[in-house]
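Student: A single structure is presented below for examination.
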Amino acid sequence: MKKLLLSLAFATLSFCAFAQVPTAGLKGGLNFAQISGSDGSGGTSTSGTLTSFSVGAFLEFAGDGVAIQPGLFYTGKGSKSKTNSGISSSLNLRYLQLPVNFVINVPAGFGKLYIGAGPYAAYGLSGKVESSNNGGTPSTTNLSFGQYSGQLKRMDYGAQGIAGLRFNTGFLIGVNYDLGLANIVNNASVKSKNRVLGVSVGVTF
């Protein structure tokens with residue numbers, strides 16, 4: 001993982017060194033997050049959807065046909081669930097996320113249509129579980145990051161796809177999908193991976 005991140009950083013810096021002056025932007029919006037899981041028996045499941053948010057900034061370095069767009073975002077992930085006995089719970093995770101997308105911009109009368117994809121790496125900042133029984137008083141359990149059973153892994157990584165419209169005024173609207181590839185729990189027989197669909201608005205300068 002460290003070698004992958006170093007290679008990605010080197011490639012990004014090399015590209016940016018020869019690119020034009022970058023376009024800067026701010027972006028924020030809603031995340032619709034789930035956890036995709038599997039157990040040792042081969043069974044798979046997808047959690048309920050947690051509504052969260054994302055906010056951050058990005059740079060776009062124009063190249064020959066393809067631009068590179070690194071960013072830094074404070075983003076929420078997690079899941080919701082409800083048992084047959086009426087216990088509701090939500091897993092709220094907060095990450096500092098660095099996506100690096102390779103973007104194609106298609107000129108249009110209003111501005112540009114853009115589509116892109118690339119890897120992301122995310123650093124876990126905090127986590128908590130909120131639970132309630134049949135609508136009763138909720139309880140909160142703070143989670144910790146580490147390498148032991150019962151803790152979450154600090155690092156998440158995966159692939160991101162983005163698409164949207166960028167207007168001549170600088171205003172933009174977009175969607176993204178984050179496909180987590182890292183198992184975020186310390187259990188070799190259980191897999192839990194982040195899935196996030198995001199919608200956002202923003203502005204470029």
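Residue names in the structure tokens use chain letters A, B, ... in the order shown, residue numbers from 1 in each chain, and ligand numbers from 1 in the order shown.
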Write down as a VMD selection string the residues of chain A whose backbone DSSP state falls under strand (DSSP E).
Tutor: chain A and resid 23 to 38 44 to 46 50 to 60 67 to 82 87 to 108 111 to 133 139 to 143 155 to 167 171 to 180 191 to 204
Student: Please provide as a list in words all residues within 7 Å of Val185 (chain A), with the sequence filter that same-chain residues fewer than 5 positions apart are discarded (counting only C-alpha atoms).
Tutor: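 Final neighbour list, sorted by chain and number: Gln151, Leu152, Lys153 and Ser192 of chain A.
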Student: What lies within 10 Å of Lys128 (chain A) using only C-alpha atoms, ignoring chain neighbours under 3 positions off, as a PyMOL selection string?
Tutor: chain A and resi 78+90-94+131+140-144
Student: Give the helix (DSSP H, G or I) residues of region 9-111 of chain A, as assigned by DSSP on the backbone, as an mmCIF file with C-alpha atoms, in the first residue's frame.
Tutor:
data_model
loop_
_atom_site.group_PDB
_atom_site.id
_atom_site.type_symbol
_atom_site.label_atom_id
_atom_site.label_comp_id
_atom_site.auth_asym_id
_atom_site.auth_seq_id
_atom_site.Cartn_x
_atom_site.Cartn_y
_atom_site.Cartn_z
ATOM 1 C CA ALA A 9 2.376 10.656 -5.586
ATOM 2 C CA PHE A 10 5.466 10.562 -7.827
ATOM 3 C CA ALA A 11 3.382 10.169 -10.989
ATOM 4 C CA THR A 12 1.106 13.025 -9.936
ATOM 5 C CA LEU A 13 3.997 15.371 -9.173
ATOM 6 C CA SER A 14 5.720 14.486 -12.458
ATOM 7 C CA PHE A 15 2.550 15.234 -14.444
ATOM 8 C CA CYS A 16 1.876 18.476 -12.577
ATOM 9 C CA ALA A 17 5.424 19.723 -13.126
ATOM 10 C CA PHE A 18 4.807 19.856 -16.877
#
Student: Would you give me, as a tab-separated table, each residue of region 80-134 of chain A having an atom within 10 Å of an atom of region 49-62 of chain A, along with its shortest atom pair and that distance in Å to one decimal, using only C-alpha atoms and sorting by chain and residue number?
Tutor:
residue	atom	partner	partner_atom	distance
A:Lys80	CA	A:Leu50	CA	5.4
A:Ser81	CA	A:Thr49	CA	8.1
A:Ser90	CA	A:Leu50	CA	7.2
A:Leu91	CA	A:Leu50	CA	8.0
A:Asn92	CA	A:Leu50	CA	8.0
A:Leu93	CA	A:Ser52	CA	9.3
A:Arg94	CA	A:Ser52	CA	9.5
A:Tyr95	CA	A:Ser54	CA	9.5
A:Leu96	CA	A:Gly56	CA	9.4
A:Gln97	CA	A:Gly56	CA	9.1
A:Leu98	CA	A:Phe58	CA	9.5
A:Pro99	CA	A:Phe58	CA	9.1
A:Val100	CA	A:Phe58	CA	9.4
A:Asn101	CA	A:Glu60	CA	9.2
A:Phe102	CA	A:Glu60	CA	9.4
A:Val103	CA	A:Glu60	CA	8.7
A:Ile104	CA	A:Ala62	CA	9.6
A:Asn105	CA	A:Ala62	CA	9.5
Student: Tell me, in Å to one decimal, how far CA of Gly161 (chain A) is from CA of Ser47 (chain A).
Tutor: 21.2 Å
Student: Find the residues around Val201 (chain A) up to 12 Å (only C-alpha atoms counted), leave out those fewer than 3 positions away in its own chain, and share them as a list in words.
Tutor: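 Listed by chain and then number, they are Gly25, Leu26, Lys27, Gly28, Gly29, Leu30, Phe53, Ser54, Val55, Gly56, Ala57, Ala163, Gly164, Leu165, Arg166, Phe167, Gly170, Phe171, Leu172, Ile173, Gly174, Val175, Asn176, Gly198 and Thr204 of chain A.
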Student: Write to file, as a compact mmCIF listing (two decimals), in the first residue's frame, the residues of the selection just made, with N, CA and C atoms.
Tutor:
# COMPACT_ATOMS: atom_id res chain seq x y z
N GLY A 25 -10.66 24.47 -7.17
CA GLY A 25 -12.09 24.39 -6.94
C GLY A 25 -12.44 23.94 -5.54
N LEU A 26 -13.65 24.26 -5.13
CA LEU A 26 -14.23 23.81 -3.87
C LEU A 26 -15.48 23.01 -4.19
N LYS A 27 -15.73 21.97 -3.40
CA LYS A 27 -16.86 21.10 -3.69
C LYS A 27 -17.40 20.51 -2.39
N GLY A 28 -18.72 20.37 -2.32
CA GLY A 28 -19.34 19.74 -1.16
C GLY A 28 -20.68 19.16 -1.53
N GLY A 29 -21.13 18.19 -0.72
CA GLY A 29 -22.42 17.58 -1.02
C GLY A 29 -22.75 16.45 -0.09
N LEU A 30 -23.68 15.62 -0.52
CA LEU A 30 -24.19 14.51 0.27
C LEU A 30 -23.55 13.19 -0.14
N PHE A 53 -21.95 13.34 4.50
CA PHE A 53 -21.57 14.51 3.69
C PHE A 53 -20.10 14.44 3.33
N SER A 54 -19.71 15.31 2.40
CA SER A 54 -18.32 15.45 2.00
C SER A 54 -18.07 16.91 1.64
N VAL A 55 -16.90 17.42 2.01
CA VAL A 55 -16.54 18.79 1.66
C VAL A 55 -15.03 18.86 1.50
N GLY A 56 -14.58 19.62 0.50
CA GLY A 56 -13.15 19.71 0.29
C GLY A 56 -12.78 20.57 -0.90
N ALA A 57 -11.52 20.44 -1.33
CA ALA A 57 -10.97 21.25 -2.41
C ALA A 57 -10.20 20.35 -3.37
N ALA A 163 -18.32 12.15 -12.54
CA ALA A 163 -18.91 12.69 -13.76
C ALA A 163 -19.72 13.92 -13.37
N GLY A 164 -19.89 14.83 -14.32
CA GLY A 164 -20.69 16.01 -14.01
C GLY A 164 -20.64 17.07 -15.09
N LEU A 165 -21.17 18.22 -14.74
CA LEU A 165 -21.24 19.37 -15.64
C LEU A 165 -20.52 20.54 -14.99
N ARG A 166 -19.69 21.21 -15.79
CA ARG A 166 -19.00 22.41 -15.32
C ARG A 166 -19.41 23.56 -16.24
N PHE A 167 -20.03 24.57 -15.66
CA PHE A 167 -20.57 25.68 -16.45
C PHE A 167 -19.53 26.78 -16.63
N GLY A 170 -18.27 28.86 -13.81
CA GLY A 170 -17.44 28.23 -12.78
C GLY A 170 -18.21 27.30 -11.87
N PHE A 171 -19.54 27.38 -11.90
CA PHE A 171 -20.37 26.50 -11.08
C PHE A 171 -20.34 25.08 -11.64
N LEU A 172 -20.35 24.09 -10.77
CA LEU A 172 -20.36 22.71 -11.23
C LEU A 172 -21.29 21.86 -10.38
N ILE A 173 -21.81 20.82 -11.00
CA ILE A 173 -22.58 19.80 -10.30
C ILE A 173 -22.01 18.45 -10.73
N GLY A 174 -21.99 17.51 -9.79
CA GLY A 174 -21.37 16.24 -10.13
C GLY A 174 -21.83 15.09 -9.26
N VAL A 175 -21.45 13.92 -9.68
CA VAL A 175 -21.69 12.70 -8.91
C VAL A 175 -20.37 11.94 -8.83
N ASN A 176 -20.24 11.12 -7.81
CA ASN A 176 -19.07 10.25 -7.69
C ASN A 176 -19.49 8.93 -7.05
N GLY A 198 -21.99 9.69 -4.10
CA GLY A 198 -22.02 11.09 -3.69
C GLY A 198 -22.60 11.99 -4.76
N THR A 204 -15.34 26.56 -9.39
CA THR A 204 -13.94 26.60 -9.77
C THR A 204 -13.50 28.05 -9.92
Student: Determine the nearest neighbour of Phe32 (chain A) from the options A:Gln69, A:Asn134, A:Ser45, A:Thr75, counting only C-alpha atoms.
Tutor: A:Thr75
Student: Please report the interatomic distance between CA of Gly116 (chain A) and CA of Asn168 (chain A) in Å with one decimal.
Tutor: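 Those two atoms sit 19.3 Å apart.
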Student: Between A:Gly63, A:Pro70, A:Thr169, A:Gly135, which one has atoms that come closest to Ser85 (chain A), using only C-alpha atoms?
Tutor: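 That would be A:Gly135, the residue with the smallest distance to Ser85 (chain A).
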Student: Expressed in Å to a single decimal, how great is the separation between CA of Ile115 (chain A) and CA of Val21 (chain A)?
Tutor: 20.6 Å
